[in-house]
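Visitor: Here it is, the structure in full.
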Amino acid sequence: MTSTHLLALLMALLIGIIAGLRSLTAPAVVSWAAFLGWINLHNTWASWVGNIITVVILSLLAVAELVNDKLPKTPPRTAPPVFAARIIMGAFAGAVIGTVWGAKWGGLGAGIVGAVLGTLGGYHARKGLVAATGGKDLPIALLEDAVAILAGFAIAAATAAL
């Protein structure tokens with residue numbers, strides 16, 4: 001395995017972590033990266049990811065998730081259906097990243113691992129930060145949103161530079 005393949009798997013792992021923080025941010029970021037030409041998905045199974053319709057739909061869903069996360073009745077990210085969705089989105093985004101270098105299945109696996117790490121790590125980090133700030137969840141949730149979005153685009157940009 002070349003160093004480029006290893007870096008691609010690392011990027012897939014990292015985008016999986018983003019899916020663990022905000023499940024729909026990872027696919028939305030990957031879609032934007034393809035649409036902007038940062039990653040080349042032409043003539044692959046994932047070429048549709050860079051379509052403007054896909055970008056718009058995933059972006060709207062990601063924004064809806066950001067809003068929904070702040071609602072009091074939203075289940076924790078570790079609840080089985082929510083956790084499963086994060087794993088699926090991490091696997092998908094990781095597979096797309098891996099596809100750029102012919103490592104779709106490795107990217108899928110790395111995305112799954114990243115999603116598990118991001119889900120559990122994000123849960124414990126947010127819980128700890130909320131406790132440390134006297135129970136104020138909204139500022140921590142907004143911080144987590146910013147981290148997920150900015151880190152997601154940083155990962156996409158780094159992937160483009162490989």
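If you're wondering about the labels, chains in the structure tokens are A, B, ... by order shown, residues count from 1 in each chain, ligands from 1 in order shown.
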Compile the contact shell of stretch 57-64 of chain A as a list of chain:residue names: residues with an atom at most 9 Å away, counting only C-alpha atoms, same-chain residues fewer than 6 positions apart removed.
Guide: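 Surrounding residues, per the criterion: A:Arg22, A:Ser23, A:Leu24, A:Thr25, A:Ala26, A:Pro27, A:Ala28, A:Val29, A:Ser31, A:Trp32.
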Visitor: Output the selection as a PDB file, in the first residue's frame - N, CA, C and O atoms for each residue.
Guide:
ATOM      1  N   ARG A  22     -21.654  14.985  13.572  1.00  0.00           N
ATOM      2  CA  ARG A  22     -22.864  15.433  12.881  1.00  0.00           C
ATOM      3  C   ARG A  22     -23.016  14.552  11.643  1.00  0.00           C
ATOM      4  O   ARG A  22     -22.295  14.717  10.653  1.00  0.00           O
ATOM      5  N   SER A  23     -23.934  13.619  11.708  1.00  0.00           N
ATOM      6  CA  SER A  23     -24.018  12.554  10.698  1.00  0.00           C
ATOM      7  C   SER A  23     -24.137  13.057   9.269  1.00  0.00           C
ATOM      8  O   SER A  23     -23.526  12.482   8.366  1.00  0.00           O
ATOM      9  N   LEU A  24     -24.884  14.093   9.031  1.00  0.00           N
ATOM     10  CA  LEU A  24     -25.096  14.548   7.653  1.00  0.00           C
ATOM     11  C   LEU A  24     -24.090  15.587   7.185  1.00  0.00           C
ATOM     12  O   LEU A  24     -24.025  15.895   5.992  1.00  0.00           O
ATOM     13  N   THR A  25     -23.283  16.093   8.098  1.00  0.00           N
ATOM     14  CA  THR A  25     -22.251  17.052   7.692  1.00  0.00           C
ATOM     15  C   THR A  25     -21.198  16.364   6.827  1.00  0.00           C
ATOM     16  O   THR A  25     -20.751  16.928   5.825  1.00  0.00           O
ATOM     17  N   ALA A  26     -20.821  15.145   7.191  1.00  0.00           N
ATOM     18  CA  ALA A  26     -19.779  14.431   6.431  1.00  0.00           C
ATOM     19  C   ALA A  26     -20.181  14.213   4.962  1.00  0.00           C
ATOM     20  O   ALA A  26     -19.427  14.577   4.059  1.00  0.00           O
ATOM     21  N   PRO A  27     -21.360  13.642   4.674  1.00  0.00           N
ATOM     22  CA  PRO A  27     -21.720  13.475   3.269  1.00  0.00           C
ATOM     23  C   PRO A  27     -21.913  14.812   2.552  1.00  0.00           C
ATOM     24  O   PRO A  27     -21.590  14.935   1.364  1.00  0.00           O
ATOM     25  N   ALA A  28     -22.418  15.822   3.258  1.00  0.00           N
ATOM     26  CA  ALA A  28     -22.590  17.135   2.631  1.00  0.00           C
ATOM     27  C   ALA A  28     -21.233  17.728   2.241  1.00  0.00           C
ATOM     28  O   ALA A  28     -21.067  18.255   1.129  1.00  0.00           O
ATOM     29  N   VAL A  29     -20.266  17.622   3.122  1.00  0.00           N
ATOM     30  CA  VAL A  29     -18.921  18.147   2.837  1.00  0.00           C
ATOM     31  C   VAL A  29     -18.294  17.402   1.652  1.00  0.00           C
ATOM     32  O   VAL A  29     -17.707  18.025   0.759  1.00  0.00           O
ATOM     33  N   SER A  31     -19.837  15.900  -0.702  1.00  0.00           N
ATOM     34  CA  SER A  31     -20.574  16.302  -1.897  1.00  0.00           C
ATOM     35  C   SER A  31     -20.087  17.658  -2.407  1.00  0.00           C
ATOM     36  O   SER A  31     -19.872  17.848  -3.608  1.00  0.00           O
ATOM     37  N   TRP A  32     -19.915  18.607  -1.496  1.00  0.00           N
ATOM     38  CA  TRP A  32     -19.375  19.905  -1.890  1.00  0.00           C
ATOM     39  C   TRP A  32     -17.974  19.772  -2.492  1.00  0.00           C
ATOM     40  O   TRP A  32     -17.654  20.428  -3.481  1.00  0.00           O
TER      41      TRP A  32
END
Visitor: Using only C-alpha atoms for the distances, tell me which of A:Ala110, A:Ala154, A:Ala148, A:Val82 is nearest to A:Gly94.
Guide: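 Among the listed residues, A:Ala110 lies closest to A:Gly94.
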Visitor: Give the answer as one residue: which of A:Ala161, A:Thr2, A:Ala156, A:Ala8 has the shortest atom-to-atom distance to A:Gly106, using only C-alpha atoms?
Guide: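 Looking only at the distances to A:Gly106, the closest residue turns out to be A:Ala8.
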Visitor: Please, which residues of stretch 19-159 of chain A, numbered as in this document, come out helix (DSSP H, G or I) from DSSP, as an NGL selection string?
Guide: :A and (19-21 or 25-35 or 47-50 or 52-68 or 80-99 or 104-132 or 137-159)
Visitor: Counting only C-alpha atoms, what is within 12 Å of stretch 128-141 of chain A, bar same-chain residues fewer than 2 positions away, as a PyMOL selection string?
Guide: chain A and resi 21-22+65-72+121-126+143-148
Visitor: Which residue is closest to A:Ala19? Choose from A:Gly90, A:Gly111, A:Phe153, A:Thr99 and count only C-alpha atoms.
Guide: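 Under the stated criterion, the closest residue is A:Gly90.
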Visitor: Taking only C-alpha atoms into account, which of A:Ile15, A:Leu9, A:Ile97, A:Val116 comes nearest A:Ser47?
Guide: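 Among the listed residues, A:Ile97 lies closest to A:Ser47.
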Visitor: Using only C-alpha atoms, which of the listed residues (A:Val113, A:Trp101, A:Gly107, A:Phe35) sits closest to A:Leu162?
Guide: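 Using only C-alpha atoms, A:Leu162 sits closest to A:Trp101.
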Visitor: Pick from A:Gly109, A:Gly102, A:Gly114, A:Pro80: nearest to A:Leu41, with only C-alpha atoms counted?
Guide: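 So, comparing all the options, the nearest one is A:Gly102.
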Visitor: Interatomic distance between atom CA of A:Ile88 and atom CA of A:Ala115?
Guide: 8.4 Å
Visitor: Write out as a ChimeraX atom specification the residues lying within 9 Å of A:Ala160, counting only C-alpha atoms and excluding same-chain residues fewer than 5 positions away.
Guide: /A:33,37-40,155
Visitor: Write the residues you've just listed into a file as an mmCIF file, in the first residue's frame, and include C-alpha atoms for each of them.
Guide:
data_model
loop_
_atom_site.group_PDB
_atom_site.id
_atom_site.type_symbol
_atom_site.label_atom_id
_atom_site.label_comp_id
_atom_site.auth_asym_id
_atom_site.auth_seq_id
_atom_site.Cartn_x
_atom_site.Cartn_y
_atom_site.Cartn_z
ATOM 1 C CA ALA A 33 -15.789 18.737 -2.411
ATOM 2 C CA GLY A 37 -13.753 19.777 -8.133
ATOM 3 C CA TRP A 38 -11.612 19.248 -5.051
ATOM 4 C CA ILE A 39 -11.968 15.499 -5.474
ATOM 5 C CA ASN A 40 -12.396 13.651 -8.760
ATOM 6 C CA ILE A 155 -10.420 17.323 5.644
#
